[in-house]
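Next comes run_3.cif, a file with mmCIF, C-alpha atoms.
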data_structure
#
loop_
_atom_site.label_atom_id
_atom_site.label_comp_id
_atom_site.auth_asym_id
_atom_site.auth_seq_id
_atom_site.Cartn_x
_atom_site.Cartn_y
_atom_site.Cartn_z
CA MET X 1 51.72 13.92 251.25
CA LYS X 2 51.23 17.69 251.30
CA LEU X 3 52.56 19.90 248.56
CA GLU X 4 54.86 21.78 250.96
CA GLN X 5 56.63 18.57 252.02
CA LEU X 6 56.74 17.32 248.47
CA ARG X 7 58.48 20.45 247.19
CA GLY X 8 61.65 19.73 249.20
CA ASN X 9 61.85 16.19 247.83
CA LEU X 10 64.66 15.66 245.33
CA THR X 11 62.70 13.15 243.27
CA TYR X 12 59.77 15.55 243.05
CA GLN X 13 62.08 18.33 241.84
CA ALA X 14 63.69 16.12 239.22
CA LEU X 15 60.33 14.90 238.01
CA LEU X 16 58.98 18.44 237.96
CA LEU X 17 61.89 19.65 235.83
CA ALA X 18 61.38 16.71 233.51
CA GLY X 19 57.67 17.43 233.41
CA PHE X 20 58.16 21.06 232.49
CA SER X 21 60.75 20.14 229.86
CA LEU X 22 58.30 17.66 228.40
CA LEU X 23 55.55 20.28 228.47
CA GLY X 24 57.84 22.83 226.81
CA SER X 25 58.89 20.44 224.05
CA ALA X 26 55.30 19.32 223.54
CA LEU X 27 54.16 22.93 223.16
CA LEU X 28 56.99 23.73 220.77
CA SER X 29 56.41 20.61 218.66
CA PHE X 30 52.71 21.35 218.52
CA GLY X 31 53.44 24.96 217.56
CA ASP X 32 55.89 23.83 214.91
CA ILE X 33 53.45 21.32 213.40
CA LYS X 34 50.72 23.96 213.29
CA THR X 35 52.87 26.74 211.84
CA HIS X 36 55.44 24.93 209.72
CA ASP X 37 53.46 24.78 206.48
CA VAL X 38 51.99 28.25 206.90
CA ILE X 39 55.45 29.73 207.45
CA ALA X 40 56.84 27.85 204.44
CA THR X 41 54.00 29.25 202.29
CA ARG X 42 54.64 32.77 203.60
CA LEU X 43 58.37 32.52 202.87
CA ALA X 44 57.66 31.22 199.36
CA GLU X 45 55.26 34.15 198.86
CA ASP X 46 57.95 36.55 200.04
CA LEU X 47 60.50 35.05 197.66
CA LYS X 48 58.01 35.14 194.79
CA ALA X 49 57.15 38.76 195.56
CA SER X 50 60.80 39.82 195.55
CA LEU X 51 61.43 37.85 192.33
CA GLU X 52 58.45 39.57 190.74
CA GLN X 53 59.87 42.91 191.80
CA MET X 54 63.15 42.05 190.07
CA ILE X 55 61.74 40.71 186.85
CA PRO X 56 58.85 42.54 185.11
CA ALA X 57 55.80 40.39 184.38
CA ASP X 58 56.13 40.59 180.58
CA TYR X 59 59.51 38.86 180.75
CA TYR X 60 58.18 35.43 181.65
CA ASP X 61 55.30 32.98 181.43
CA ASN X 62 56.72 30.24 183.67
CA ASP X 63 56.73 29.60 187.41
CA LEU X 64 59.82 31.37 188.71
CA LEU X 65 59.99 29.30 191.88
CA LYS X 66 60.08 26.01 189.94
CA ASP X 67 62.45 26.82 187.05
CA THR X 68 65.78 26.94 188.80
CA MET X 69 69.36 25.96 188.10
CA LEU X 70 72.07 25.25 190.64
CA ILE X 71 75.41 26.73 189.59
CA ASP X 72 78.68 25.52 191.16
CA SER X 73 76.43 23.59 193.57
CA GLU X 74 75.90 26.72 195.69
CA THR X 75 74.12 29.51 193.81
CA LEU X 76 70.49 28.84 193.00
CA VAL X 77 69.50 30.81 189.90
CA TYR X 78 65.82 31.47 189.14
CA LEU X 79 65.13 31.46 185.42
CA ALA X 80 62.48 33.64 183.78
CA LYS X 81 61.35 32.14 180.48
CA LYS X 82 59.18 33.50 177.74
CA ASP X 83 58.09 31.05 175.02
CA GLY X 84 60.69 28.57 176.27
CA LYS X 85 63.61 30.99 175.99
CA VAL X 86 65.42 32.40 179.01
CA SER X 87 64.70 36.14 179.10
CA ALA X 88 66.11 36.99 182.52
CA VAL X 89 67.62 35.44 185.62
CA ALA X 90 67.55 36.26 189.31
CA PHE X 91 69.74 35.07 192.15
CA MET X 92 70.87 35.93 195.65
CA LEU X 93 73.99 37.91 196.44
CA THR X 94 75.80 37.88 199.77
CA THR X 95 78.65 40.14 200.79
CA ASN X 96 80.56 40.32 204.04
CA SER X 97 82.31 43.61 203.33
CA GLY X 98 79.52 45.70 204.90
CA TYR X 99 79.75 47.58 208.17
CA SER X 100 78.29 44.81 210.30
CA GLY X 101 77.51 41.28 209.21
CA ALA X 102 76.42 39.93 205.86
CA ILE X 103 74.30 41.95 203.42
CA LYS X 104 71.97 39.70 201.46
CA SER X 105 70.33 40.94 198.32
CA ILE X 106 68.59 39.62 195.25
CA ILE X 107 69.46 40.73 191.72
CA GLY X 108 67.61 40.42 188.44
CA ILE X 109 69.58 40.47 185.17
CA ASP X 110 68.12 40.27 181.66
CA ASN X 111 69.62 38.05 178.97
CA GLN X 112 71.65 41.00 177.61
CA GLY X 113 73.46 41.36 180.94
CA GLN X 114 71.59 44.50 182.06
CA VAL X 115 70.55 44.91 185.68
CA LEU X 116 66.75 44.79 185.96
CA GLY X 117 66.78 45.50 189.66
CA VAL X 118 68.48 44.89 192.99
CA ARG X 119 66.82 44.62 196.42
CA VAL X 120 68.49 44.18 199.77
CA ILE X 121 66.71 41.42 201.68
CA ALA X 122 68.62 41.16 204.93
CA HIS X 123 71.32 43.25 206.57
CA ALA X 124 72.43 44.54 209.95
CA GLU X 125 73.83 47.92 208.88
CA THR X 126 73.54 51.01 211.08
CA PRO X 127 69.89 52.09 211.35
CA GLY X 128 69.37 55.59 210.02
CA LEU X 129 72.60 55.54 208.01
CA GLY X 130 73.51 52.32 206.26
CA ASP X 131 69.91 51.15 206.00
CA LYS X 132 69.29 53.56 203.11
CA ILE X 133 70.23 50.58 200.93
CA GLU X 134 66.68 49.29 201.58
CA ALA X 135 64.19 50.14 198.86
CA ALA X 136 61.62 51.05 201.55
CA LYS X 137 63.86 53.79 202.94
CA ALA X 138 65.58 55.35 199.94
CA ASP X 139 65.69 55.19 196.12
CA TRP X 140 69.42 54.58 196.09
CA ILE X 141 69.14 50.88 195.27
CA LEU X 142 67.32 51.79 192.02
CA SER X 143 70.46 53.51 190.69
CA PHE X 144 71.74 50.14 189.43
CA ASN X 145 68.80 49.64 187.07
CA GLY X 146 69.78 49.47 183.40
CA HIS X 147 73.51 49.28 183.99
CA SER X 148 75.68 46.44 182.78
CA LEU X 149 79.33 45.45 182.46
CA THR X 150 79.42 47.04 179.00
CA ASP X 151 77.91 50.49 179.69
CA LEU X 152 80.14 51.05 182.73
CA THR X 153 83.80 50.07 182.93
CA GLU X 154 85.30 48.28 185.90
CA PRO X 155 86.61 51.45 187.65
CA GLN X 156 83.15 53.02 187.23
CA TRP X 157 81.53 50.17 189.18
CA LYS X 158 82.41 51.89 192.45
CA VAL X 159 81.04 54.59 194.75
CA LYS X 160 81.89 58.20 193.82
CA LYS X 161 84.42 58.47 196.63
CA ASP X 162 86.41 55.65 194.97
CA GLY X 163 86.11 57.24 191.51
CA GLY X 164 82.98 55.38 190.39
CA VAL X 165 79.50 56.56 189.41
CA PHE X 166 77.37 55.44 192.39
CA ASP X 167 76.49 57.76 195.27
CA GLN X 168 77.56 57.04 198.81
CA PHE X 169 75.50 58.32 201.77
CA SER X 170 76.71 61.14 203.96
CA GLY X 171 78.26 59.47 206.98
CA ALA X 172 78.21 55.99 205.50
CA THR X 173 80.52 54.86 202.71
CA ILE X 174 81.29 51.30 203.72
CA THR X 175 77.72 50.04 203.27
CA PRO X 176 77.09 51.38 199.72
CA ARG X 177 80.62 50.34 198.73
CA ALA X 178 79.82 46.78 199.80
CA VAL X 179 76.53 46.73 197.88
CA VAL X 180 78.08 48.15 194.69
CA GLY X 181 80.82 45.54 194.98
CA SER X 182 78.36 42.71 195.40
CA VAL X 183 76.25 43.82 192.42
CA TYR X 184 79.43 43.94 190.33
CA GLN X 185 80.33 40.43 191.49
CA GLY X 186 76.81 39.35 190.54
CA LEU X 187 77.24 40.66 187.00
CA LEU X 188 80.62 38.94 186.71
CA PHE X 189 78.99 35.71 187.87
CA PHE X 190 76.29 36.08 185.22
CA ASN X 191 78.87 36.75 182.51
CA GLN X 192 80.92 33.74 183.55
CA HIS X 193 77.93 31.37 183.35
CA ARG X 194 76.07 33.14 180.57
CA GLU X 195 76.16 30.30 178.07
CA GLN X 196 75.10 27.73 180.62
CA LEU X 197 72.21 29.86 181.92
CA LEU X 198 70.80 31.05 178.61
CA LYS X 199 71.01 27.78 176.71
CA ARG X 200 67.99 26.31 178.52
CA MET B 1 39.36 46.34 241.98
CA PHE B 2 42.00 48.01 239.81
CA PHE B 3 41.83 51.15 241.93
CA SER B 4 42.79 49.48 245.20
CA GLU B 5 46.08 50.50 246.82
CA THR B 6 47.86 47.28 245.68
CA TYR B 7 47.06 47.85 242.03
CA ARG B 8 47.91 51.55 242.26
CA LYS B 9 51.28 50.64 243.71
CA ILE B 10 51.93 48.08 240.96
CA THR B 11 51.05 50.72 238.38
CA ARG B 12 53.31 53.35 239.94
CA ASP B 13 56.18 50.86 240.28
CA GLY B 14 55.94 49.67 236.71
CA LEU B 15 55.64 53.05 235.08
CA TRP B 16 57.94 55.16 237.20
CA ASP B 17 59.19 54.28 240.70
CA ASN B 18 60.62 50.87 239.79
CA ASN B 19 60.80 51.26 235.99
CA ILE B 20 62.77 48.38 234.44
CA VAL B 21 65.16 50.65 232.57
CA PHE B 22 65.29 53.89 234.50
CA SER B 23 65.29 52.46 238.02
CA GLN B 24 66.28 48.81 237.85
CA ASN B 25 68.77 49.40 234.99
CA LEU B 26 67.84 45.99 233.57
CA ALA B 27 67.34 44.86 229.98
CA LEU B 28 70.10 47.11 228.67
CA CYS B 29 71.17 44.60 226.00
CA PRO B 30 67.97 44.65 223.92
CA LEU B 31 67.51 48.31 224.87
CA LEU B 32 70.73 49.56 223.33
CA ALA B 33 70.43 47.25 220.35
CA VAL B 34 67.06 48.48 219.10
CA THR B 35 66.58 52.07 220.24
CA GLY B 36 68.22 53.62 217.19
CA THR B 37 64.78 54.89 216.21
CA ALA B 38 61.56 55.51 218.13
CA THR B 39 59.66 53.07 215.89
CA ASN B 40 62.02 50.19 216.63
CA GLY B 41 61.77 50.98 220.32
CA LEU B 42 57.99 50.86 220.15
CA GLY B 43 58.03 47.53 218.30
CA MET B 44 60.40 45.90 220.78
CA GLY B 45 58.45 47.37 223.69
CA LEU B 46 55.13 45.97 222.50
CA ALA B 47 56.56 42.51 221.78
CA THR B 48 58.17 42.43 225.23
CA LEU B 49 54.91 43.58 226.81
CA VAL B 50 53.02 40.60 225.36
CA VAL B 51 55.65 38.08 226.48
CA MET B 52 55.86 39.65 229.93
CA ILE B 53 52.12 39.43 230.57
CA ALA B 54 52.06 35.82 229.35
CA SER B 55 55.10 34.72 231.35
CA ASN B 56 53.90 36.45 234.53
CA GLY B 57 50.52 34.74 234.12
CA VAL B 58 51.89 31.25 233.53
CA ILE B 59 54.42 31.50 236.35
CA SER B 60 51.88 32.86 238.81
CA LEU B 61 49.51 29.98 238.00
CA THR B 62 52.20 27.33 238.56
CA ARG B 63 53.93 29.05 241.51
CA HIS B 64 52.69 26.57 244.13
CA LEU B 65 54.09 23.62 242.21
CA ILE B 66 57.59 24.97 241.77
CA PRO B 67 60.14 24.49 244.58
CA SER B 68 62.57 27.38 244.99
CA GLU B 69 65.57 25.09 244.30
CA VAL B 70 64.62 24.51 240.68
CA ARG B 71 62.64 27.67 239.96
CA ILE B 72 65.26 29.37 237.75
CA PRO B 73 65.52 26.58 235.14
CA VAL B 74 61.74 26.24 235.11
CA PHE B 75 61.27 29.99 234.56
CA VAL B 76 63.90 30.09 231.83
CA LEU B 77 62.30 27.11 230.14
CA LEU B 78 58.82 28.63 230.27
CA ILE B 79 59.94 32.05 229.03
CA ALA B 80 62.04 30.60 226.20
CA SER B 81 59.14 28.36 225.08
CA LEU B 82 56.74 31.29 225.19
CA VAL B 83 59.01 33.53 223.13
CA THR B 84 59.56 30.80 220.56
CA ILE B 85 55.83 30.20 220.24
CA VAL B 86 55.15 33.93 219.85
CA ASP B 87 57.88 33.99 217.20
CA MET B 88 56.33 31.09 215.24
CA VAL B 89 52.75 32.31 215.53
CA MET B 90 53.67 35.81 214.37
CA ASN B 91 55.73 34.45 211.49
CA ALA B 92 52.77 32.33 210.34
CA TRP B 93 49.77 34.59 210.83
CA LEU B 94 51.07 38.12 211.30
CA HIS B 95 53.70 37.86 208.63
CA GLU B 96 53.82 41.53 207.60
CA LEU B 97 54.36 42.60 211.20
CA TYR B 98 56.86 39.81 211.67
CA LYS B 99 59.00 41.10 208.83
CA VAL B 100 59.43 44.33 210.79
CA LEU B 101 59.53 42.96 214.34
CA GLY B 102 60.93 39.50 213.61
CA LEU B 103 64.47 40.55 214.35
CA PHE B 104 63.50 41.61 217.88
CA ILE B 105 61.48 38.60 218.97
CA PRO B 106 64.37 36.20 219.72
CA LEU B 107 66.10 39.11 221.50
CA ILE B 108 63.32 39.05 224.09
CA VAL B 109 64.81 35.86 225.54
CA THR B 110 67.90 37.85 226.47
CA ASN B 111 65.72 40.28 228.42
CA CYS B 112 66.63 39.56 232.03
CA ALA B 113 63.81 41.84 233.17
CA ILE B 114 61.23 39.17 232.27
CA LEU B 115 63.02 36.61 234.43
CA GLY B 116 63.34 39.35 237.05
CA ARG B 117 59.58 39.91 237.17
CA ALA B 118 58.94 36.16 237.27
CA GLU B 119 61.31 35.82 240.19
CA SER B 120 60.41 38.88 242.23
CA PHE B 121 56.70 39.25 241.51
CA ALA B 122 54.84 36.52 239.64
CA SER B 123 56.22 33.67 241.76
CA ARG B 124 54.93 35.36 244.93
CA ASN B 125 51.65 36.96 243.93
CA GLU B 126 48.24 35.92 242.73
CA PHE B 127 47.31 35.55 239.07
CA LYS B 128 45.48 38.82 238.41
CA GLN B 129 48.04 40.98 240.16
CA SER B 130 50.80 39.25 238.21
CA LEU B 131 49.06 39.96 234.91
CA TRP B 132 48.66 43.61 235.92
CA ASP B 133 52.32 43.76 236.95
CA GLY B 134 53.35 42.32 233.57
CA LEU B 135 51.22 44.91 231.79
CA MET B 136 52.54 47.84 233.80
CA MET B 137 56.19 46.75 233.74
CA GLY B 138 55.86 46.14 230.00
CA LEU B 139 54.30 49.56 229.49
CA GLY B 140 57.04 51.19 231.56
CA PHE B 141 59.62 49.37 229.43
CA THR B 142 57.88 50.48 226.22
CA VAL B 143 57.83 54.09 227.41
CA ALA B 144 61.54 53.91 228.22
CA LEU B 145 62.37 52.40 224.82
CA VAL B 146 60.32 54.98 222.94
CA ALA B 147 61.79 57.87 224.95
CA LEU B 148 65.34 56.70 224.36
CA GLY B 149 64.64 55.84 220.71
CA ALA B 150 63.03 59.22 220.08
CA THR B 151 65.85 61.28 221.59
CA ARG B 152 68.51 59.23 219.81
CA GLU B 153 66.64 59.40 216.51
CA ILE B 154 66.18 63.18 216.68
CA LEU B 155 69.85 63.72 217.49
CA ALA B 156 71.14 61.13 215.02
CA SER B 157 69.07 61.91 211.95
CA GLY B 158 66.66 64.73 212.80
CA THR B 159 63.55 62.60 212.28
CA LEU B 160 60.97 61.11 214.63
CA PHE B 161 59.06 57.82 214.23
CA SER B 162 60.51 57.23 210.77
CA ASN B 163 59.06 54.09 209.13
CA ALA B 164 56.25 53.94 211.69
CA SER B 165 53.92 52.93 208.85
CA LEU B 166 55.97 49.75 208.29
CA LEU B 167 55.26 48.75 211.89
CA LEU B 168 51.74 50.03 212.51
CA GLY B 169 50.24 50.18 209.03
CA SER B 170 49.90 52.99 206.53
CA ALA B 171 47.30 54.80 208.68
CA PHE B 172 50.12 55.83 210.99
CA GLN B 173 52.19 57.52 208.31
CA CYS B 174 51.25 60.88 209.88
CA MET B 175 53.46 59.95 212.86
CA GLU B 176 56.56 60.16 210.68
CA THR B 177 57.93 63.64 211.13
CA THR B 178 61.12 65.46 210.36
CA ILE B 179 62.07 67.50 213.39
CA ILE B 180 65.18 69.15 211.99
CA PRO B 181 65.07 69.61 208.18
CA GLU B 182 68.35 69.48 206.24
CA TYR B 183 70.05 67.88 209.26
CA LYS B 184 73.55 66.60 208.62
CA GLY B 185 73.24 63.71 211.08
CA PHE B 186 75.17 62.78 214.19
CA LEU B 187 76.45 59.22 213.79
CA LEU B 188 77.43 58.66 217.42
CA MET B 189 73.81 58.76 218.56
CA ALA B 190 72.79 55.99 216.17
CA LEU B 191 75.52 53.70 217.51
CA PRO B 192 75.42 51.85 220.88
CA PRO B 193 77.75 54.34 222.68
CA GLY B 194 75.22 57.07 221.87
CA GLY B 195 72.58 54.89 223.50
CA PHE B 196 74.65 54.64 226.69
CA ILE B 197 75.27 58.39 226.76
CA MET B 198 71.60 59.24 226.18
CA LEU B 199 70.47 56.66 228.75
CA GLY B 200 72.79 58.30 231.28
CA PHE B 201 71.22 61.70 230.64
CA ILE B 202 67.68 60.35 230.91
CA ILE B 203 68.39 58.50 234.17
CA ALA B 204 70.07 61.62 235.58
CA GLY B 205 66.97 63.61 234.60
CA LYS B 206 64.68 61.14 236.34
CA ARG B 207 66.78 61.21 239.52
CA LEU B 208 66.71 65.00 239.49
CA LEU B 209 62.93 64.97 239.16
CA ASP B 210 62.57 62.41 241.96
CA ALA B 211 64.83 64.47 244.23
CA LYS B 212 62.79 67.62 243.49
CA ARG B 213 59.59 65.72 244.23
CA ALA B 214 60.97 64.37 247.49
CA SER B 215 62.14 67.79 248.71
CA PHE B 216 58.79 69.29 247.69
CA LYS B 217 56.99 66.63 249.73
CA LYS B 218 59.26 67.30 252.70
CA ALA B 219 58.66 71.05 252.49
CA LYS B 220 54.93 70.43 252.38
CA VAL B 221 55.10 68.29 255.54
CA GLU B 222 57.16 70.95 257.33
CA LEU B 223 54.73 73.62 256.28
CA LEU B 224 51.84 71.61 257.68
CA THR B 225 53.54 70.96 261.03
CA GLU B 226 54.43 74.63 261.36
CA ALA B 227 50.92 75.69 260.59
CA GLU B 228 49.48 73.53 263.33
CA PRO B 229 50.42 75.67 266.42
CA ILE B 230 48.81 78.71 264.82
CA ALA B 231 45.63 76.77 264.35
CA ASN B 232 45.81 75.82 268.04
CA THR B 233 46.19 79.39 269.31
CA THR B 234 43.19 80.64 267.41
CA ALA B 235 41.07 77.80 268.73
#
Can the structure from this file be put into structure tokens for me?
Amino acid sequence: MKLEQLRGNLTYQALLLAGFSLLGSALLSFGDIKTHDVIATRLAEDLKASLEQMIPADYYDNDLLKDTMLIDSETLVYLAKKDGKVSAVAFMLTTNSGYSGAIKSIIGIDNQGQVLGVRVIAHAETPGLGDKIEAAKADWILSFNGHSLTDLTEPQWKVKKDGGVFDQFSGATITPRAVVGSVYQGLLFFNQHREQLLKR
Amino acid sequence: MFFSETYRKITRDGLWDNNIVFSQNLALCPLLAVTGTATNGLGMGLATLVVMIASNGVISLTRHLIPSEVRIPVFVLLIASLVTIVDMVMNAWLHELYKVLGLFIPLIVTNCAILGRAESFASRNEFKQSLWDGLMMGLGFTVALVALGATREILASGTLFSNASLLLGSAFQCMETTIIPEYKGFLLMALPPGGFIMLGFIIAGKRLLDAKRASFKKAKVELLTEAEPIANTTA
């Protein structure tokens, strides 16, 4: 039978659709098999790189990715240990009080409760305004370094517009307010589980 | 071969006469989402360009097999698979680039212009012409994205190509310029409504230019026909 006649045939069309679906799934499975491990390695490298940015190298001699503790069965805390003692911790923060969608960041805190660093990892804030929370675009995120719950009081853990000590950006207050709030929550979380985290 | 009339027409259509954004008004969803800055526009444009060439190629090769009754699901399936594969491959082996562009890759699936080219060109034309059409349409799309991104970025924050080095590598840092120093910023332009407003202005500008060109052509033709009798009398 010629191709032209075949193309009008219902069975041919059904089989063709099935064939293309099969081809598509085969390609995707093959692609997944080939890239899965590489992508996992890359993501682990990314995580390690951001952890290393949070916690200075002289704070630990262990493998940050392996020494972890699950708190309240939802927050995975990475422990930095020097000579078997916990010197600092790092964990992810998520806040939904930003301008659009969740803002995910990672925070490093030393065993005295001082912020070692904060980096925003994923967000969907307004480009050109709210995205100044990224370390690549502005130094604002560094303003948390060295602060703790003891050197600043609760009302000071806010943006300047709300009577706190942290800058907002011109034209964007909601985004920095959300990040300041989430860092504060992070410190509260650390304080709450301090004993549990540092004892190991 | 690339200078024949067919290829010249494909080139003209893709870049100007039938530009995806300015003439067909397609692909507005990814367009408005990413053109906050010129750099983002460029990134999205290039990623779309690659997918468009690949999808046009594949569809042109299989066009004789596919009956018109089931062509749409087959095209959608092919395009979605292609985009997913590009996404995975970039994530694995071009990871630095992926971190910048990654957000845009899945958005390409929502780009109806790719399906549009598959339907109106690749499924009816031979392989090489389809590849060329994908390239030219993709380039036209990239130009539109960069133009819109650049105007919005200048108006919104007074800069141009900010963070280009994140996308293209540190060698391109010289592209990052501040057009208006000490600019206070104009939030509307960074938000989607600003994109719509700017797009309207750009399309109006293109129409104006096309109208001017058409009337210029007409005047030239009239001039030539008027000149003819004079030439006859002297002869």
Residues at most 8 Å from segment 14-24 of chain X, counting all atoms listed in the file, excluding those fewer than 5 positions away in the same chain, as a PyMOL selection string? chain B and resi 66+70+73-74+77-78+81
Go ahead and compute the interatomic distance for atom CA of Gly158 of chain B and atom CA of Ile180 of chain B, in Å to one decimal.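 Atom CA of Gly158 of chain B sits 4.7 Å away from atom CA of Ile180 of chain B.
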If I take atom CA of Thr35 of chain X and atom CA of Thr84 of chain B, how far is one from the other in Å, to one decimal?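 One can read the atom CA of Thr35 of chain X to atom CA of Thr84 of chain B distance as 11.7 Å.
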Please report as a Markdown table every residue of chain X lying within 10 Å of chain B, along with the nearest atom pair and their distance in Å (one decimal), using only C-alpha atoms.
| residue | atom | partner | partner_atom | distance |
| --- | --- | --- | --- | --- |
| X:Leu3 | CA | B:Leu65 | CA | 7.5 |
| X:Glu4 | CA | B:His64 | CA | 8.6 |
| X:Leu6 | CA | B:Pro67 | CA | 8.8 |
| X:Arg7 | CA | B:Pro67 | CA | 5.1 |
| X:Gly8 | CA | B:Pro67 | CA | 6.8 |
| X:Asn9 | CA | B:Pro67 | CA | 9.1 |
| X:Leu10 | CA | B:Glu69 | CA | 9.5 |
| X:Tyr12 | CA | B:Pro67 | CA | 9.1 |
| X:Gln13 | CA | B:Val70 | CA | 6.8 |
| X:Ala14 | CA | B:Val70 | CA | 8.6 |
| X:Leu16 | CA | B:Ile66 | CA | 7.7 |
| X:Leu17 | CA | B:Val74 | CA | 6.6 |
| X:Ala18 | CA | B:Val74 | CA | 9.7 |
| X:Gly19 | CA | B:Val74 | CA | 9.9 |
| X:Phe20 | CA | B:Val74 | CA | 6.8 |
| X:Ser21 | CA | B:Leu77 | CA | 7.1 |
| X:Leu23 | CA | B:Leu78 | CA | 9.1 |
| X:Gly24 | CA | B:Ser81 | CA | 5.9 |
| X:Ser25 | CA | B:Ser81 | CA | 8.0 |
| X:Ala26 | CA | B:Ser81 | CA | 9.9 |
| X:Leu27 | CA | B:Ser81 | CA | 7.6 |
| X:Leu28 | CA | B:Ile85 | CA | 6.6 |
| X:Ser29 | CA | B:Ile85 | CA | 9.7 |
| X:Phe30 | CA | B:Ile85 | CA | 9.5 |
| X:Gly31 | CA | B:Ile85 | CA | 6.4 |
| X:Asp32 | CA | B:Met88 | CA | 7.3 |
| X:Lys34 | CA | B:Val89 | CA | 8.9 |
| X:Thr35 | CA | B:Ala92 | CA | 5.8 |
| X:His36 | CA | B:Ala92 | CA | 7.9 |
| X:Asp37 | CA | B:Ala92 | CA | 8.5 |
| X:Val38 | CA | B:Ala92 | CA | 5.4 |
| X:Ile39 | CA | B:Ala92 | CA | 4.7 |
| X:Ala40 | CA | B:Ala92 | CA | 8.5 |
| X:Thr41 | CA | B:Ala92 | CA | 8.7 |
| X:Arg42 | CA | B:Ala92 | CA | 7.0 |
| X:Leu43 | CA | B:His95 | CA | 9.1 |
| X:Asp46 | CA | B:His95 | CA | 9.7 |
| X:Ala124 | CA | B:Leu103 | CA | 9.9 |
| X:Thr126 | CA | B:Ala190 | CA | 7.2 |
| X:Pro127 | CA | B:Gly36 | CA | 6.3 |
| X:Gly128 | CA | B:Ser157 | CA | 6.6 |
| X:Leu129 | CA | B:Leu187 | CA | 7.9 |
| X:Ala136 | CA | B:Asn163 | CA | 8.6 |
| X:Lys137 | CA | B:Asn163 | CA | 7.8 |
| X:Ser170 | CA | B:Lys184 | CA | 7.8 |
| X:Gly171 | CA | B:Leu187 | CA | 7.1 |
| X:Ala172 | CA | B:Leu187 | CA | 9.1 |
The PyMOL selection byres ((chain B and resi 121) around 12) resolved against shown file, as number ranges by chain: B: 10, 13-14, 52-53, 55-57, 59-60, 63, 113-120, 122-134, 137
Using only C-alpha atoms: which of X:Gly186, X:Ala80, X:Ala44, X:Leu197 has the shortest distance to Val118 of chain X: X:Gly186
Would you mind reading off the distance between atom CA of Gly140 of chain B and atom CA of Ala219 of chain B, one decimal, in Å?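 Between these atoms lies a distance of 28.9 Å.
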Name the residues captured by the PyMOL selection byres ((chain X and resi 188) around 12) when it is applied to the shown file; answer as a VMD selection string. chain X and resid 93 109 113 to 115 148 to 150 154 157 181 to 187 189 to 194
List, as a list in words, every residue that the PyMOL selection byres ((chain X and resi 165) around 12) selects in the file provided.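 Taken over the shown coordinates, the PyMOL selection byres ((chain X and resi 165) around 12) returns Ser143, Phe144, His147, Asp151, Leu152, Thr153, Glu154, Pro155, Gln156, Trp157, Lys158, Val159, Lys160, Lys161, Asp162, Gly163, Gly164, Phe166, Asp167, Gln168, Pro176, Arg177 and Val180 of chain X.
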Selected residue, from X:Asp139, X:Glu52, X:Asn111, X:Asp131, that lies nearest to Lys85 of chain X when counting all atoms listed in the file: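 Counting all atoms listed in the file, the residue closest to Lys85 of chain X is X:Asn111.
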Will you model N, CA and C atoms for segment 163-173 of chain B and pass it back as a CSV table (one decimal), in the coordinates of the input?
chain,number,residue,atom,x,y,z
B,163,ASN,N,59.5,55.4,209.5
B,163,ASN,CA,59.1,54.1,209.1
B,163,ASN,C,58.0,53.5,210.1
B,164,ALA,N,57.3,54.4,210.8
B,164,ALA,CA,56.2,53.9,211.7
B,164,ALA,C,55.2,53.2,210.9
B,165,SER,N,55.0,53.6,209.6
B,165,SER,CA,53.9,52.9,208.8
B,165,SER,C,54.3,51.5,208.6
B,166,LEU,N,55.6,51.1,208.5
B,166,LEU,CA,56.0,49.8,208.3
B,166,LEU,C,55.6,48.9,209.5
B,167,LEU,N,55.6,49.5,210.7
B,167,LEU,CA,55.3,48.8,211.9
B,167,LEU,C,53.8,48.7,212.2
B,168,LEU,N,53.1,49.9,212.0
B,168,LEU,CA,51.7,50.0,212.5
B,168,LEU,C,50.7,50.1,211.4
B,169,GLY,N,51.2,50.1,210.1
B,169,GLY,CA,50.2,50.2,209.0
B,169,GLY,C,50.2,51.6,208.5
B,170,SER,N,49.8,51.7,207.2
B,170,SER,CA,49.9,53.0,206.5
B,170,SER,C,49.1,54.1,207.2
B,171,ALA,N,48.1,53.8,208.0
B,171,ALA,CA,47.3,54.8,208.7
B,171,ALA,C,48.1,55.7,209.6
B,172,PHE,N,49.3,55.1,210.0
B,172,PHE,CA,50.1,55.8,211.0
B,172,PHE,C,51.3,56.6,210.3
B,173,GLN,N,51.1,56.8,209.0
B,173,GLN,CA,52.2,57.5,208.3
B,173,GLN,C,52.3,58.9,208.9
